[in-house]
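Below is one structure, written out as structure tokens; comments come after it.
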Amino acid sequence: MMINIYLVRHGQTYLNKYNRIQGIANAPLTEKGIADAIDAGKRLSSITFNHAYSSDMPRAFDTGKYVLQQNPSDIEEPIADKAFREENFGYFEGNDSEAAWHQIGGPDGMDNYAKMISKLGMGGTADLIAAHDPYGDAENNQDLLNRFIPGLKKVIQNANDGDNIMIAAHGTIIRWAVDQFKDDTIDVSEPIENGSVSKLVSNADASEISVEYYNNLSENV
């Protein structure tokens, strides 16, 4: 038996709508964002969750509640955990995303986020962003490893074989997590959509984790 972990990206927020970088900054869900979350819940409604978690950021916590409203489990709201919050982009929080990526990666021929990820991976991209933050607040790859991986292992080790776990989180941290465990068939430079589902499968002690799919918007979850 294995443990199934469903990573749900939060619904659209106002900062998403305006193409702004949103890490530890938070904006509320738009009407579309609420619909994104409800739709994700409906697509996941054939799976009964045994446990539900979210980032401690309101946009992810709210998304988790909307997902659970569509679920046959009796869980009313997720357990909020800062382990699953979005990457901290430091100085670049709230900046126009395309302008920021051009500023960070452009001198090295990587003038958008996808090019940075394709060349450096998610960890290398986090390191590059952190290196360009004049305040030193942006998280680097090691910061993400120290924060996310223990949190993920904790929720897996608290589950039983065959359990289904929902984690409502964020686009960059989900892409980063998938990048840790994926095979070569999955391309995390592909933009991740609001309300999409990515699935990890783990053994009971979290020593073997794999990615079943990434950025799924279909009914087949």
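In the structure tokens, the first chain shown is A, the next is B, and so on; residue numbers restart at 1 for each chain, and ligands run from 1 in the order shown.
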
Report as a tab-separated table the residues of range 177-207 of chain A within 12 Å of range 125-144 of chain A, each with its shortest atom pair and distance in Å (one decimal), using only C-alpha atoms, ordered by chain and increasing residue number.
residue	atom	partner	partner_atom	distance
A:Ala177	CA	A:Leu144	CA	9.2
A:Asp179	CA	A:Thr125	CA	11.7
A:Gln180	CA	A:Asn141	CA	11.0
A:Val188	CA	A:Thr125	CA	11.9
A:Ser189	CA	A:Thr125	CA	10.9

- prompt: Residues at most 8 Å from range 154-171 of chain A, counting only C-alpha atoms, excluding those fewer than 2 positions away in the same chain, as a PyMOL selection string?
  reply: chain A and resi 1-10+47-55+60-61+63-64+78+84-86+150-152+173-175+192-194+202-206

message: My list of candidates is A:Asn71, A:Asn112, A:Gln103, A:Asn95. Which is closest to Leu15 in chain A when distances are computed with only C-alpha atoms?
response: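 Comparing A:Asn71, A:Asn112, A:Gln103, A:Asn95 against Leu15 in chain A, the winner is A:Asn95.
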
field: Residues flagged strand (DSSP E or B) by DSSP in chain A, as a PyMOL selection string
entry: chain A and resi 3-9+13+20+29+51-54+79-80+96+164-169+197-202+209-216

- prompt: Among range 27-118 of chain A, which residues carry a DSSP assignment of alpha helix (DSSP H), reported as number ranges by chain?
  reply: A: 31-43, 58-69, 97-105, 113-118

Could you save those same residues with C-alpha atoms as a PDB file, in the first residue's frame?
ATOM      1  CA  GLU A  31     -14.335  35.304  -7.977  1.00  0.00           C
ATOM      2  CA  LYS A  32     -12.503  33.189 -10.530  1.00  0.00           C
ATOM      3  CA  GLY A  33     -10.192  32.015  -7.760  1.00  0.00           C
ATOM      4  CA  ILE A  34     -13.116  30.802  -5.683  1.00  0.00           C
ATOM      5  CA  ALA A  35     -14.447  29.011  -8.757  1.00  0.00           C
ATOM      6  CA  ASP A  36     -10.978  27.490  -9.321  1.00  0.00           C
ATOM      7  CA  ALA A  37     -11.016  26.066  -5.796  1.00  0.00           C
ATOM      8  CA  ILE A  38     -14.560  24.743  -6.032  1.00  0.00           C
ATOM      9  CA  ASP A  39     -13.775  23.145  -9.373  1.00  0.00           C
ATOM     10  CA  ALA A  40     -10.689  21.466  -7.908  1.00  0.00           C
ATOM     11  CA  GLY A  41     -12.867  20.152  -5.096  1.00  0.00           C
ATOM     12  CA  LYS A  42     -15.367  18.724  -7.545  1.00  0.00           C
ATOM     13  CA  ARG A  43     -12.633  17.006  -9.548  1.00  0.00           C
ATOM     14  CA  PRO A  58      -4.991  32.730   3.645  1.00  0.00           C
ATOM     15  CA  ARG A  59      -5.273  32.139  -0.110  1.00  0.00           C
ATOM     16  CA  ALA A  60      -4.205  28.509   0.297  1.00  0.00           C
ATOM     17  CA  PHE A  61      -6.166  27.909   3.507  1.00  0.00           C
ATOM     18  CA  ASP A  62      -9.329  29.300   1.891  1.00  0.00           C
ATOM     19  CA  THR A  63      -8.760  27.146  -1.184  1.00  0.00           C
ATOM     20  CA  GLY A  64      -8.430  24.105   1.053  1.00  0.00           C
ATOM     21  CA  LYS A  65     -11.770  24.860   2.694  1.00  0.00           C
ATOM     22  CA  TYR A  66     -13.509  25.177  -0.678  1.00  0.00           C
ATOM     23  CA  VAL A  67     -11.988  21.869  -1.799  1.00  0.00           C
ATOM     24  CA  LEU A  68     -13.144  20.124   1.381  1.00  0.00           C
ATOM     25  CA  GLN A  69     -16.695  21.438   0.951  1.00  0.00           C
ATOM     26  CA  SER A  97       6.674  39.160 -12.667  1.00  0.00           C
ATOM     27  CA  GLU A  98       7.932  39.461 -16.235  1.00  0.00           C
ATOM     28  CA  ALA A  99       9.966  42.562 -15.411  1.00  0.00           C
ATOM     29  CA  ALA A 100      11.479  40.861 -12.349  1.00  0.00           C
ATOM     30  CA  TRP A 101      12.427  37.675 -14.200  1.00  0.00           C
ATOM     31  CA  HIS A 102      14.022  39.760 -16.959  1.00  0.00           C
ATOM     32  CA  GLN A 103      15.997  41.709 -14.365  1.00  0.00           C
ATOM     33  CA  ILE A 104      17.173  38.549 -12.605  1.00  0.00           C
ATOM     34  CA  GLY A 105      17.832  36.185 -15.491  1.00  0.00           C
ATOM     35  CA  TYR A 113      10.821  32.230 -15.528  1.00  0.00           C
ATOM     36  CA  ALA A 114      10.435  29.194 -17.796  1.00  0.00           C
ATOM     37  CA  LYS A 115      13.922  29.698 -19.230  1.00  0.00           C
ATOM     38  CA  MET A 116      15.417  29.954 -15.750  1.00  0.00           C
ATOM     39  CA  ILE A 117      13.704  26.743 -14.675  1.00  0.00           C
ATOM     40  CA  SER A 118      14.673  24.901 -17.859  1.00  0.00           C
TER      41      SER A 118
END
